[in-house]
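File shown: model-v1.txt (compact mmCIF, C-alpha atoms).
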# COMPACT_ATOMS: atom_id res chain seq x y z
CA MET O 1 -4.82 8.55 11.36
CA ALA O 2 -7.69 10.44 12.87
CA GLY O 3 -5.30 12.99 14.27
CA THR O 4 -3.75 13.40 10.86
CA MET O 5 -7.13 14.05 9.34
CA ILE O 6 -7.97 16.70 11.85
CA GLY O 7 -4.60 18.22 11.11
CA PHE O 8 -5.46 18.44 7.44
CA ALA O 9 -8.67 20.17 8.30
CA SER O 10 -7.28 22.74 10.72
CA GLY O 11 -7.50 26.30 9.64
CA CYS O 12 -11.00 25.90 8.26
CA ALA O 13 -13.84 26.56 10.64
CA SER O 14 -17.16 25.39 9.38
CA THR O 15 -19.57 22.57 8.76
CA LYS O 16 -20.50 23.02 5.16
CA GLY O 17 -23.55 21.96 3.19
CA GLY O 18 -23.47 19.63 0.23
CA GLY O 19 -22.64 20.23 -3.37
CA ASN O 20 -19.36 21.95 -2.67
CA ALA O 21 -17.24 19.65 -4.77
CA PRO O 22 -17.81 18.64 -8.39
CA GLY O 23 -19.93 15.55 -8.60
CA ASP O 24 -20.08 15.25 -4.84
CA GLU O 25 -23.46 14.48 -3.34
CA ASN O 26 -21.92 14.55 0.10
CA ALA O 27 -24.26 16.23 2.56
CA VAL O 28 -21.72 17.44 5.08
CA VAL O 29 -18.04 18.23 5.29
CA HIS O 30 -16.85 18.89 8.81
CA THR O 31 -13.77 20.98 9.41
CA ALA O 32 -12.08 22.17 12.59
CA THR O 33 -10.09 25.06 14.02
CA ALA O 34 -6.91 24.79 16.03
CA GLU O 35 -9.01 25.31 19.15
CA ASP O 36 -11.28 22.45 18.14
CA LEU O 37 -8.25 20.21 17.74
CA ALA O 38 -6.86 21.13 21.10
CA PHE O 39 -10.20 20.53 22.79
CA VAL O 40 -10.61 17.06 21.25
CA LYS O 41 -7.27 16.05 22.79
CA SER O 42 -8.19 17.40 26.22
CA THR O 43 -8.10 15.02 29.17
CA GLU O 44 -10.42 17.05 31.41
CA PRO O 45 -13.86 15.45 31.88
CA VAL O 46 -16.56 17.33 30.02
CA SER O 47 -19.27 19.17 31.88
CA GLY O 48 -22.80 19.44 30.59
CA LYS O 49 -25.73 17.22 29.75
CA ARG O 50 -24.83 16.27 26.24
CA VAL O 51 -21.99 16.29 23.76
CA VAL O 52 -22.34 16.83 20.03
CA LEU O 53 -19.72 14.98 17.99
CA PHE O 54 -19.00 16.02 14.40
CA ILE O 55 -17.88 12.91 12.57
CA ASN O 56 -16.39 12.29 9.14
CA GLY O 57 -16.52 8.95 7.31
CA MET O 58 -20.01 7.91 8.42
CA GLY O 59 -20.98 6.69 4.97
CA CYS O 60 -23.86 4.31 5.59
CA PRO O 61 -26.67 3.42 7.98
CA LEU O 62 -24.79 0.43 9.39
CA CYS O 63 -21.85 2.66 10.28
CA VAL O 64 -24.17 4.36 12.71
CA THR O 65 -24.29 1.24 14.81
CA ASN O 66 -20.51 1.12 15.00
CA VAL O 67 -20.21 4.55 16.57
CA ASP O 68 -23.34 4.09 18.62
CA ARG O 69 -21.97 1.01 20.38
CA GLN O 70 -18.50 2.40 20.99
CA LEU O 71 -19.90 5.56 22.56
CA LEU O 72 -22.32 3.64 24.77
CA ARG O 73 -19.34 1.83 26.29
CA LEU O 74 -18.12 5.07 27.80
CA ASP O 75 -19.06 5.61 31.42
CA ALA O 76 -21.76 8.23 31.89
CA VAL O 77 -23.06 7.97 28.32
CA GLU O 78 -26.77 7.27 28.69
CA SER O 79 -27.90 7.28 25.07
CA VAL O 80 -26.66 8.19 21.62
CA ASP O 81 -28.55 9.76 18.72
CA VAL O 82 -26.78 9.61 15.37
CA ASP O 83 -27.88 11.93 12.58
CA LEU O 84 -26.67 10.77 9.17
CA GLY O 85 -27.95 13.94 7.52
CA LEU O 86 -25.85 16.20 9.72
CA GLY O 87 -23.01 13.75 10.24
CA THR O 88 -23.25 14.08 13.99
CA ALA O 89 -23.67 11.90 17.04
CA VAL O 90 -25.22 13.34 20.18
CA ALA O 91 -24.20 11.63 23.40
CA ASN O 92 -26.60 12.23 26.26
CA LEU O 93 -24.85 11.99 29.61
CA HIS O 94 -25.93 10.76 33.03
CA GLU O 95 -26.11 13.35 35.77
CA GLY O 96 -24.03 13.15 38.93
CA VAL O 97 -21.23 10.94 37.65
CA VAL O 98 -17.76 11.57 36.29
CA LYS O 99 -18.09 12.42 32.60
CA PRO O 100 -15.79 11.14 29.86
CA THR O 101 -12.98 13.31 28.58
CA PRO O 102 -12.89 14.61 25.01
CA ARG O 103 -9.96 12.29 24.39
CA GLU O 104 -12.12 9.33 25.39
CA PHE O 105 -14.82 10.42 22.97
CA HIS O 106 -12.16 10.73 20.31
CA ARG O 107 -10.89 7.23 21.02
CA ALA O 108 -14.40 5.76 20.92
CA VAL O 109 -15.12 7.29 17.53
CA ASP O 110 -11.70 6.18 16.30
CA ASN O 111 -12.41 2.61 17.45
CA ALA O 112 -15.59 2.73 15.38
CA GLY O 113 -13.41 3.36 12.33
CA LEU O 114 -14.51 6.98 11.94
CA THR O 115 -12.93 10.40 12.43
CA LEU O 116 -14.00 12.83 15.14
CA VAL O 117 -13.41 16.26 13.69
CA LYS O 118 -14.67 18.40 16.54
CA MET O 119 -17.12 18.35 19.41
CA SER O 120 -19.23 20.74 21.42
CA VAL O 121 -20.53 20.34 24.97
CA GLN O 122 -24.01 21.59 25.82
CA MET U 1 -9.86 -32.63 -1.04
CA GLN U 2 -11.17 -35.85 -2.57
CA LEU U 3 -12.99 -38.02 -0.15
CA CYS U 4 -15.10 -41.13 -0.18
CA TRP U 5 -18.53 -41.45 1.25
CA GLU U 6 -17.39 -43.30 4.30
CA GLN U 7 -15.56 -40.21 5.36
CA SER U 8 -18.73 -38.19 5.31
CA VAL U 9 -20.72 -37.79 8.45
CA LEU U 10 -23.50 -35.61 7.22
CA PHE U 11 -24.39 -37.37 4.02
CA VAL U 12 -27.15 -39.95 3.97
CA ARG U 13 -28.01 -41.01 0.43
CA GLY U 14 -26.71 -40.60 -3.07
CA SER U 15 -25.20 -42.60 -5.86
CA ILE U 16 -24.12 -42.09 -9.40
CA PHE U 17 -27.02 -44.26 -10.59
CA ASP U 18 -29.38 -43.30 -7.83
CA VAL U 19 -30.99 -39.96 -8.51
CA ALA U 20 -31.82 -39.35 -4.92
CA MET U 21 -31.61 -36.13 -3.05
CA PRO U 22 -29.69 -36.39 0.19
CA THR U 23 -31.30 -36.02 3.53
CA PHE U 24 -29.64 -33.77 6.02
CA GLY U 25 -29.16 -34.75 9.61
CA TRP U 26 -27.33 -33.06 12.43
CA ALA U 27 -26.94 -35.71 15.08
CA ASP U 28 -28.61 -39.00 14.28
CA GLY U 29 -27.62 -38.74 10.61
CA SER U 30 -24.05 -39.60 11.44
CA ALA U 31 -24.54 -43.30 11.99
CA VAL U 32 -26.82 -43.70 9.00
CA ALA U 33 -24.38 -41.91 6.80
CA THR U 34 -21.50 -44.11 7.84
CA GLN U 35 -23.43 -47.26 7.08
CA SER U 36 -24.78 -46.10 3.75
CA ALA U 37 -21.39 -44.78 2.76
CA ALA U 38 -19.83 -48.19 2.89
CA ALA U 39 -22.58 -49.55 0.69
CA MET U 40 -22.38 -46.89 -1.96
CA GLY U 41 -18.74 -46.75 -2.75
CA CYS U 42 -16.70 -43.70 -3.44
CA MET U 43 -17.60 -40.26 -4.71
CA HIS U 44 -15.52 -37.17 -5.11
CA MET U 45 -16.64 -34.35 -2.91
CA LYS U 46 -14.87 -31.07 -2.41
CA ASN U 47 -14.77 -31.38 1.35
CA PRO U 48 -17.35 -33.62 2.95
CA MET U 49 -17.93 -33.14 6.59
CA THR U 50 -15.83 -35.15 8.96
CA GLU U 51 -16.26 -35.81 12.63
CA ARG U 52 -13.69 -33.19 13.31
CA VAL U 53 -15.78 -30.73 11.40
CA GLY U 54 -18.76 -31.73 13.50
CA ALA U 55 -17.15 -29.93 16.37
CA THR U 56 -16.63 -26.99 14.09
CA VAL U 57 -20.36 -26.98 13.35
CA LEU U 58 -21.20 -26.73 17.01
CA VAL U 59 -18.68 -23.96 17.49
CA GLY U 60 -20.04 -22.25 14.38
CA LEU U 61 -23.63 -22.48 15.56
CA GLY U 62 -22.59 -21.19 18.93
CA GLY U 63 -20.86 -18.37 17.18
CA VAL U 64 -24.00 -17.64 15.20
CA LEU U 65 -25.99 -17.34 18.38
CA VAL U 66 -23.38 -15.08 19.90
CA GLY U 67 -23.32 -13.06 16.72
CA VAL U 68 -27.07 -12.64 16.71
CA CYS U 69 -26.88 -11.31 20.23
CA ALA U 70 -23.91 -9.04 19.59
CA GLY U 71 -24.03 -8.07 15.96
CA GLU U 72 -22.02 -5.14 14.69
CA ALA U 73 -21.94 -3.10 11.56
CA LYS U 74 -20.04 -4.01 8.45
CA ALA U 75 -21.11 -1.78 5.70
CA GLN U 76 -20.68 -0.89 2.07
CA GLU U 77 -19.58 -4.42 1.28
CA ALA U 78 -20.93 -6.18 -1.78
CA MET U 79 -21.53 -9.91 -1.92
CA TYR U 80 -18.40 -11.33 -3.51
CA THR U 81 -15.86 -8.56 -2.83
CA GLN U 82 -14.23 -7.71 0.49
CA ALA U 83 -14.27 -4.16 1.88
CA ALA U 84 -11.77 -2.42 4.14
CA THR U 85 -14.36 -2.26 6.88
CA MET U 86 -14.45 -4.09 10.20
CA PRO U 87 -16.14 -4.09 13.59
CA GLY U 88 -14.77 -2.12 16.50
CA PRO U 89 -12.71 -3.81 19.23
CA GLY U 90 -14.75 -6.41 21.08
CA ASP U 91 -17.59 -6.38 18.55
CA LEU U 92 -18.82 -9.17 16.33
CA ILE U 93 -20.46 -9.25 12.91
CA LEU U 94 -22.67 -12.07 11.69
CA ARG U 95 -23.30 -12.43 7.98
CA GLU U 96 -25.29 -15.26 6.40
CA GLN U 97 -25.23 -15.81 2.66
CA PHE U 98 -26.86 -18.37 0.41
CA HIS U 99 -25.52 -18.97 -3.10
CA ILE U 100 -26.58 -21.12 -6.04
CA PHE U 101 -24.15 -21.75 -8.89
CA GLN U 102 -24.83 -23.63 -12.12
CA TYR U 103 -21.72 -24.87 -13.95
CA GLY U 104 -21.31 -26.42 -17.37
CA SER U 105 -19.35 -29.51 -18.37
CA ASN U 106 -16.07 -30.26 -16.66
CA PRO U 107 -13.39 -31.53 -19.07
CA THR U 108 -11.42 -33.13 -16.26
CA SER U 109 -14.09 -34.95 -14.28
CA GLY U 110 -16.43 -35.64 -17.20
CA THR U 111 -19.51 -34.20 -15.53
CA GLU U 112 -22.09 -32.65 -17.85
CA SER U 113 -23.18 -30.04 -15.36
CA THR U 114 -22.87 -29.18 -11.71
CA LYS U 115 -25.24 -27.33 -9.44
CA LEU U 116 -23.77 -26.04 -6.21
CA TYR U 117 -25.71 -24.71 -3.22
CA VAL U 118 -23.66 -22.90 -0.59
CA LEU U 119 -24.79 -21.67 2.81
CA GLU U 120 -22.04 -19.47 4.16
CA THR U 121 -21.67 -18.18 7.70
CA ASN U 122 -19.21 -15.36 8.29
CA LEU U 123 -18.18 -14.19 11.71
CA GLN U 124 -15.91 -11.18 12.00
CA TYR U 125 -14.53 -10.11 15.36
CA GLY U 126 -12.78 -6.84 16.13
CA ILE U 127 -9.61 -7.73 18.05
CA VAL U 128 -8.18 -4.27 18.47
CA LYS U 129 -8.62 -1.05 16.53
CA ASP U 130 -8.05 -1.67 12.82
CA LEU U 131 -7.52 -5.41 13.26
CA SER U 132 -10.19 -8.07 12.87
CA LEU U 133 -10.46 -11.83 12.64
CA THR U 134 -12.90 -13.41 10.19
CA VAL U 135 -14.00 -17.04 10.21
CA ARG U 136 -15.96 -18.32 7.23
CA VAL U 137 -17.83 -21.62 7.46
CA PRO U 138 -19.35 -22.70 4.14
CA MET U 139 -21.76 -25.64 3.97
CA GLU U 140 -22.37 -27.04 0.50
CA HIS U 141 -24.63 -29.34 -1.42
CA GLU U 142 -23.32 -30.36 -4.83
CA LEU U 143 -25.31 -32.04 -7.59
CA ASP U 144 -23.34 -33.45 -10.53
CA THR U 145 -24.95 -34.70 -13.71
CA ARG U 146 -23.08 -37.29 -15.81
CA LEU U 147 -23.81 -39.12 -19.02
CA VAL U 148 -24.14 -42.79 -18.16
CA ARG U 149 -24.92 -45.55 -20.68
CA GLY U 150 -26.67 -43.21 -23.04
CA GLY U 151 -28.70 -41.61 -20.29
CA SER U 152 -27.77 -39.39 -17.45
CA GLY U 153 -27.21 -39.96 -13.79
CA GLU U 154 -26.63 -37.70 -10.89
CA ASP U 155 -24.19 -37.60 -8.04
CA SER U 156 -24.95 -35.53 -5.04
CA GLY U 157 -23.14 -34.78 -1.87
CA SER U 158 -23.22 -32.41 1.04
CA GLY U 159 -20.71 -31.26 3.55
CA PHE U 160 -18.46 -28.48 4.63
CA ASP U 161 -16.02 -26.77 2.33
CA ASP U 162 -12.73 -25.39 3.60
CA LEU U 163 -12.89 -23.34 6.74
CA ASP U 164 -11.41 -19.93 6.04
CA VAL U 165 -9.68 -17.93 8.76
CA MET U 166 -8.51 -14.44 7.91
CA LEU U 167 -6.92 -11.48 9.65
CA LYS U 168 -7.67 -8.04 8.25
CA TYR U 169 -5.48 -5.09 9.21
CA ARG U 170 -6.59 -1.64 8.14
CA PHE U 171 -3.41 0.35 7.68
CA TYR U 172 -4.87 3.46 6.07
CA ARG U 173 -7.96 5.57 6.72
CA HIS U 174 -8.69 8.99 5.32
CA ASP U 175 -12.15 10.37 6.11
CA THR U 176 -12.63 13.49 4.04
CA GLY U 177 -16.29 14.26 4.64
CA GLY U 178 -19.44 13.31 6.47
CA VAL U 179 -19.79 10.19 4.35
CA ASP U 180 -16.61 10.26 2.26
CA THR U 181 -13.73 7.97 3.08
CA LEU U 182 -10.74 6.15 1.63
CA ARG U 183 -9.49 3.05 3.43
CA ALA U 184 -7.03 0.27 2.75
CA ALA U 185 -6.46 -3.01 4.53
CA ALA U 186 -4.13 -5.97 4.25
CA ILE U 187 -5.61 -9.44 4.49
CA VAL U 188 -3.79 -12.61 5.41
CA GLY U 189 -5.28 -15.97 6.21
CA ALA U 190 -5.73 -19.56 5.21
CA GLU U 191 -8.29 -21.98 3.92
CA ILE U 192 -8.15 -24.97 6.21
CA ASP U 193 -9.23 -28.37 4.94
CA THR U 194 -10.44 -30.26 7.99
CA ASP U 195 -10.24 -33.64 6.31
CA ASP U 196 -8.49 -36.66 7.88
CA HIS U 197 -5.23 -34.83 7.47
CA ILE U 198 -5.40 -31.10 7.88
CA THR U 199 -4.10 -29.11 4.96
CA VAL U 200 -3.69 -25.37 4.85
CA ASN U 201 -3.87 -23.10 1.82
CA PRO U 202 -2.54 -19.69 2.86
CA HIS U 203 -3.69 -16.52 1.15
CA ILE U 204 -2.55 -12.93 1.24
CA GLY U 205 -3.95 -9.79 -0.30
CA ALA U 206 -5.21 -6.26 0.05
CA VAL U 207 -8.47 -4.42 -0.22
CA VAL U 208 -9.24 -0.76 -0.83
CA THR U 209 -12.58 0.94 -0.12
CA MET U 210 -13.55 4.38 -1.33
CA VAL U 211 -16.85 6.13 -0.63
CA ARG U 212 -17.64 9.46 -2.18
CA GLY U 213 -21.19 10.67 -1.75
CA ARG U 214 -23.52 8.14 -3.32
CA HIS U 215 -20.70 6.19 -4.92
CA GLY U 216 -18.75 3.38 -3.31
CA LEU U 217 -15.89 1.34 -4.72
CA ASN U 218 -14.24 -1.76 -3.27
CA GLN U 219 -11.22 -3.42 -4.84
CA GLU U 220 -9.71 -6.66 -3.63
CA LEU U 221 -6.62 -8.52 -4.74
CA ARG U 222 -5.73 -11.91 -3.26
CA TRP U 223 -3.17 -14.61 -3.90
CA THR U 224 -3.87 -18.13 -2.68
CA PHE U 225 -1.02 -20.62 -2.26
CA THR U 226 -2.59 -24.01 -2.83
CA THR U 227 -1.17 -27.05 -1.10
CA ASP U 228 -3.91 -29.52 -1.98
CA GLY U 229 -6.97 -29.67 -4.21
CA SER U 230 -7.85 -31.52 -7.36
CA GLU U 231 -8.76 -30.39 -10.84
CA GLU U 232 -11.73 -32.77 -10.90
CA ASN U 233 -13.42 -30.93 -8.07
CA ASN U 234 -12.27 -27.48 -9.05
CA LEU U 235 -15.02 -24.93 -9.52
CA GLY U 236 -12.64 -22.04 -9.09
CA MET U 237 -10.01 -21.71 -6.34
CA ASN U 238 -10.35 -25.41 -5.45
CA GLY U 239 -7.76 -26.85 -7.81
CA PRO U 240 -4.11 -27.73 -7.24
CA SER U 241 -2.87 -24.52 -8.84
CA ASP U 242 -2.16 -21.31 -7.01
CA ALA U 243 -4.71 -18.63 -7.78
CA LEU U 244 -4.95 -14.88 -8.08
CA SER U 245 -8.41 -13.48 -7.45
CA TYR U 246 -9.27 -9.88 -8.24
CA ASN U 247 -12.61 -8.39 -7.41
CA THR U 248 -14.06 -4.94 -7.97
CA ALA U 249 -17.41 -3.81 -6.59
CA TYR U 250 -19.19 -0.56 -7.39
CA LEU U 251 -22.06 0.49 -5.15
CA PHE U 252 -24.44 3.32 -6.01
CA ARG U 253 -26.87 4.62 -3.42
CA ILE U 254 -30.19 4.96 -5.24
CA TYR U 255 -32.18 6.07 -2.17
CA PRO U 256 -31.96 8.41 -0.43
CA GLU U 257 -30.13 10.75 -2.76
CA ARG U 258 -28.88 12.55 0.35
CA PHE U 259 -29.00 11.29 3.89
CA GLN U 260 -31.46 13.23 6.01
CA SER U 261 -31.74 13.51 9.76
CA ASP U 262 -34.47 10.87 9.76
CA SER U 263 -32.69 8.48 7.37
CA ARG U 264 -32.92 4.97 8.77
CA GLY U 265 -31.74 3.00 5.77
CA ALA U 266 -30.47 3.15 2.21
CA TRP U 267 -30.90 1.21 -1.04
CA TYR U 268 -27.93 0.47 -3.27
CA VAL U 269 -27.41 -1.10 -6.65
CA THR U 270 -24.19 -3.08 -6.82
CA MET U 271 -22.10 -4.20 -9.75
CA GLU U 272 -19.16 -6.52 -9.30
CA MET U 273 -16.44 -7.90 -11.52
CA ASN U 274 -15.00 -11.09 -10.07
CA GLY U 275 -11.86 -12.54 -11.64
CA ILE U 276 -9.78 -15.64 -11.02
CA THR U 277 -6.52 -16.54 -12.73
CA GLU U 278 -4.87 -19.84 -11.79
CA THR U 279 -1.28 -20.77 -12.44
CA ASN U 280 -2.41 -23.55 -14.81
CA GLY U 281 -3.59 -20.79 -17.14
CA ASP U 282 -7.31 -20.98 -16.44
CA THR U 283 -8.81 -17.52 -16.24
CA GLU U 284 -12.37 -16.51 -15.53
CA LEU U 285 -14.10 -13.15 -15.27
CA ARG U 286 -17.62 -12.88 -13.89
CA PHE U 287 -20.12 -10.00 -13.72
CA ALA U 288 -22.39 -9.77 -10.70
CA PRO U 289 -25.18 -7.18 -10.57
CA GLY U 290 -27.38 -6.91 -7.51
CA VAL U 291 -29.24 -4.79 -5.01
CA MET U 292 -28.62 -4.17 -1.33
CA TYR U 293 -30.57 -2.58 1.48
CA GLU U 294 -28.84 -1.34 4.60
CA GLY U 295 -30.69 -0.32 7.69
CA ARG U 296 -29.18 0.53 11.03
CA GLU U 297 -29.76 -2.94 12.44
CA PHE U 298 -30.53 -5.02 9.38
CA ALA U 299 -29.13 -5.48 5.92
CA PHE U 300 -30.23 -7.53 2.94
CA GLU U 301 -28.45 -8.29 -0.31
CA LEU U 302 -29.53 -9.96 -3.53
CA MET U 303 -27.12 -10.80 -6.30
CA THR U 304 -26.78 -12.62 -9.60
CA GLN U 305 -23.57 -13.68 -11.30
CA PHE U 306 -22.81 -14.37 -14.96
CA PRO U 307 -19.70 -15.29 -16.94
CA LEU U 308 -18.19 -12.32 -18.71
CA TRP U 309 -15.10 -13.89 -20.24
CA ASN U 310 -13.13 -17.03 -19.61
CA ASN U 311 -10.36 -19.23 -20.87
CA LEU U 312 -10.85 -22.49 -19.01
CA GLU U 313 -9.12 -25.70 -20.05
CA GLU U 314 -9.12 -27.67 -16.82
CA ARG U 315 -12.41 -26.99 -15.13
CA ALA U 316 -16.06 -26.21 -15.64
CA GLU U 317 -17.20 -22.71 -16.45
CA LEU U 318 -20.01 -20.91 -14.67
CA ASP U 319 -23.38 -20.75 -16.45
CA TRP U 320 -25.00 -18.53 -13.84
CA GLY U 321 -25.08 -17.83 -10.16
CA ALA U 322 -27.44 -16.17 -7.72
CA GLY U 323 -27.40 -15.42 -4.05
CA PHE U 324 -28.89 -13.54 -1.18
CA GLY U 325 -27.66 -12.63 2.25
CA PHE U 326 -28.68 -11.11 5.53
CA ARG U 327 -26.99 -9.19 8.29
CA PHE U 328 -28.75 -8.80 11.57
CA LEU U 329 -27.77 -6.38 14.29
CA PHE U 330 -29.21 -6.61 17.76

I need this file expressed as structure tokens, please.
Amino acid sequence: MAGTMIGFASGCASTKGGGNAPGDENAVVHTATAEDLAFVKSTEPVSGKRVVLFINGMGCPLCVTNVDRQLLRLDAVESVDVDLGLGTAVANLHEGVVKPTPREFHRAVDNAGLTLVKMSVQ
Amino acid sequence: MQLCWEQSVLFVRGSIFDVAMPTFGWADGSAVATQSAAAMGCMHMKNPMTERVGATVLVGLGGVLVGVCAGEAKAQEAMYTQAATMPGPGDLILREQFHIFQYGSNPTSGTESTKLYVLETNLQYGIVKDLSLTVRVPMEHELDTRLVRGGSGEDSGSGFDDLDVMLKYRFYRHDTGGVDTLRAAAIVGAEIDTDDHITVNPHIGAVVTMVRGRHGLNQELRWTFTTDGSEENNLGMNGPSDALSYNTAYLFRIYPERFQSDSRGAWYVTMEMNGITETNGDTELRFAPGVMYEGREFAFELMTQFPLWNNLEERAELDWGAGFGFRFLF
């Protein structure tokens, strides 16, 4: 289902602010490009110190704990900071170990019952 | 679902002419209860605790401890209506709820009024992605008032109601925005009466959850196939008739208006419509307004419930209900 959602979103390339739909107080709507979609499915371990995950469906404070716990189960994930305002989760990674692949991040978010739209490695 | 006192383990005192509140006991109460039961004769209880259930209590308490240590999020769910949400694989949710219900006269049993206290423990475990198992263990204390020889007397009894085991499979998820989502899940399970002879009342249904900005909507439809039960003890879904329950919950996030980067919690007002139609024709519709706070590791809910409309011939109607609940995440 998550893959389907990303498919719907492909072609648009932005993270938009709120108020862009009638009666919608939604703060964030994440969308992805074809490149974003391809990267999320990649099986090459990420490089970098942290990964920013853009997540749809994170509708409440308790949902944060769902994604937090699933991400912390990935090897090399040291800590997770979830930002409800931006709709993002930042995974801080251990140094000197094999990092998770984008596909593993995708699966972790999917297990939490949410949709990973795109991600960036920093 | 009708039992005599001697089948109760937990109960200690109580008689139709003896207006005495029961005393609860976990271990040593068993022997006392058995002795006093023989002396007091028979009383109809929905599901008094049996020795078999005693084991369930221990398992349940163990589960509570496990749940406290490994809580997981279950969000946007009002008090009386299911949501298409569930923990991730390998995670566990603990939810404790306390309810009080006041019922009017029962035309079948002859009681003038009934007060029901329910302490409900819910454990939900994520088996695999989109599939969870929920076990509900309700413990009840019931106080019946009857007219006796021109005056009134009270019956009281405590014990465990039917154990409910339910599988929830989320077959649809459509996340359209940072907070927006549309989800649907199928639910199938059974209420298990752990009396001397085990009886099973299967149920099947579906639940849909929609969140759009500050607005949340849960809708649940469930059919229960009843294989036991009695009209005398029926307070809704406990009778011999099959039952259709239909619940709708609307949640409105009153604070914050928009989630910010430093948002740690949110306040909601909730409004529920809870309906039951049984195959004997009895139909009841209740309205339940309440408030709910959700933090990242703690949630609290407070709810009242009132009759909105009913057509009840066989059982007592609700005068009012109230409840509160907690969810702890560690």

Pick from O:Val117, O:Leu93, O:Leu37, O:Ala108, whichever lies nearest to Ala76 (chain O) using all atoms listed in the file: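 Ranking O:Val117, O:Leu93, O:Leu37, O:Ala108 by distance to Ala76 (chain O), first place goes to O:Leu93.
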
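In terms of minimum interatomic distance to Asp110 (chain O), O:Gln70 ranks closest within O:Ser79, O:Thr88, O:Gln70, O:Thr33, counting all atoms listed in the file.
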
Polymer residues at most 9 Å from Arg296 (chain U), only C-alpha atoms, same-chain spacing of 5 or more positions, as a list in words: Cys60, Pro61, Leu62, Cys63, Val64 and Thr65 of chain O; Ala73, Arg264, Gly265 and Leu329 of chain U

CA of Gln260 (chain U) to CA of Glu96 (chain U), distance in Å rounded to a single decimal: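 Atom-to-atom, CA of Gln260 (chain U) and CA of Glu96 (chain U) are spaced 29.2 Å apart.
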
One-decimal distance in Å that lies between CA of Ala249 (chain U) and CA of Glu314 (chain U): 27.3 Å

Spatial neighbours of region 119-127 of chain U, max dist 7 Å, only C-alpha atoms, sep filter under 3 positions, as a list in words: Met86, Pro87, Gly88, Pro89, Gly90, Asp91, Leu92, Ile93, Leu94, Arg95, Glu96, Gln97, Phe98, His99, Leu131, Ser132, Leu133, Thr134, Val135, Arg136, Val137, Pro138, Met139 and Glu140 of chain U

Å distance separating CA of Val98 (chain O) from CA of Val82 (chain O), one decimal place: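 A separation of 22.9 Å between them.
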
Distance-based interface of chain U with chain O, 6 Å, counting only C-alpha atoms, as a list in words: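 Taking only C-alpha atoms into account, Ala73, Ala75, Gly88, Lys129, Asp175, Gly177, Gly178, Val179, Asp180, Thr181, Gly213, Phe259, Gln260, Ser261, Gly265, Gly295 and Arg296 of chain U sit within 6 Å of chain O.
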
Option closest in space to Met271 (chain U), from U:Ala316, U:Ala78, U:Ala322, U:Leu143 [counting all atoms listed in the file]: U:Ala78

Shell of 10 Å around region 301-303 of chain U, all atoms listed in the file, local chain residues under 5 positions omitted, as a short mmCIF file (atom, residue, chain, number, x, y, z; two decimals) with C-alpha atoms, in the frame of the given file:
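The new file out-v4.cif reads:
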data_model
loop_
_atom_site.label_atom_id
_atom_site.label_comp_id
_atom_site.auth_asym_id
_atom_site.auth_seq_id
_atom_site.Cartn_x
_atom_site.Cartn_y
_atom_site.Cartn_z
CA GLU U 77 -19.58 -4.42 1.28
CA ALA U 78 -20.93 -6.18 -1.78
CA MET U 79 -21.53 -9.91 -1.92
CA TYR U 80 -18.40 -11.33 -3.51
CA GLN U 97 -25.23 -15.81 2.66
CA PHE U 98 -26.86 -18.37 0.41
CA HIS U 99 -25.52 -18.97 -3.10
CA TRP U 267 -30.90 1.21 -1.04
CA TYR U 268 -27.93 0.47 -3.27
CA VAL U 269 -27.41 -1.10 -6.65
CA THR U 270 -24.19 -3.08 -6.82
CA MET U 271 -22.10 -4.20 -9.75
CA GLU U 272 -19.16 -6.52 -9.30
CA ALA U 288 -22.39 -9.77 -10.70
CA PRO U 289 -25.18 -7.18 -10.57
CA GLY U 290 -27.38 -6.91 -7.51
CA VAL U 291 -29.24 -4.79 -5.01
CA MET U 292 -28.62 -4.17 -1.33
CA TYR U 293 -30.57 -2.58 1.48
CA GLU U 294 -28.84 -1.34 4.60
CA GLY U 321 -25.08 -17.83 -10.16
CA ALA U 322 -27.44 -16.17 -7.72
CA GLY U 323 -27.40 -15.42 -4.05
CA PHE U 324 -28.89 -13.54 -1.18
CA GLY U 325 -27.66 -12.63 2.25
CA PHE U 326 -28.68 -11.11 5.53
CA ARG U 327 -26.99 -9.19 8.29
#

Nearest residue to Leu116 (chain U) from the set U:Gly239, U:Glu313, U:Asp162, U:Leu318 (distances using all atoms listed in the file): U:Leu318

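Among O:His106, O:Lys118, O:Lys99, O:His94, the residue with the shortest atom-to-atom distance to Pro45 (chain O), counting all atoms listed in the file, is O:Lys99.
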
Non-local contacts of Thr226 (chain U) (10 Å; all atoms listed in the file; under 5 positions in same chain excluded) as a count of residues only: 14

Neighbour list for Val46 (chain O) as a list of chain:residue names, cut-off 9 Å, only C-alpha atoms, skip fewer than 2 positions in-chain: O:Thr43, O:Glu44, O:Gly48, O:Val51, O:Val98, O:Lys99, O:Pro100, O:Thr101, O:Pro102, O:Val121

Step by step, gather every atom of region 106-113 of chain O that the file lists, find the box along x, y and z that holds them, add 8 Å on each side, and finally give centre and edge lengths in Å to one decimal, as AutoDock Vina command-line options.
--center_x -13.2 --center_y 6.7 --center_z 16.7 --size_x 20.7 --size_y 24.1 --size_z 24.7

Nearest-residue call for Phe252 (chain U), choices U:Asn274, U:Thr279, U:Val211, U:Leu285, using only C-alpha atoms: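 The answer is U:Val211, which sits nearest to Phe252 (chain U).
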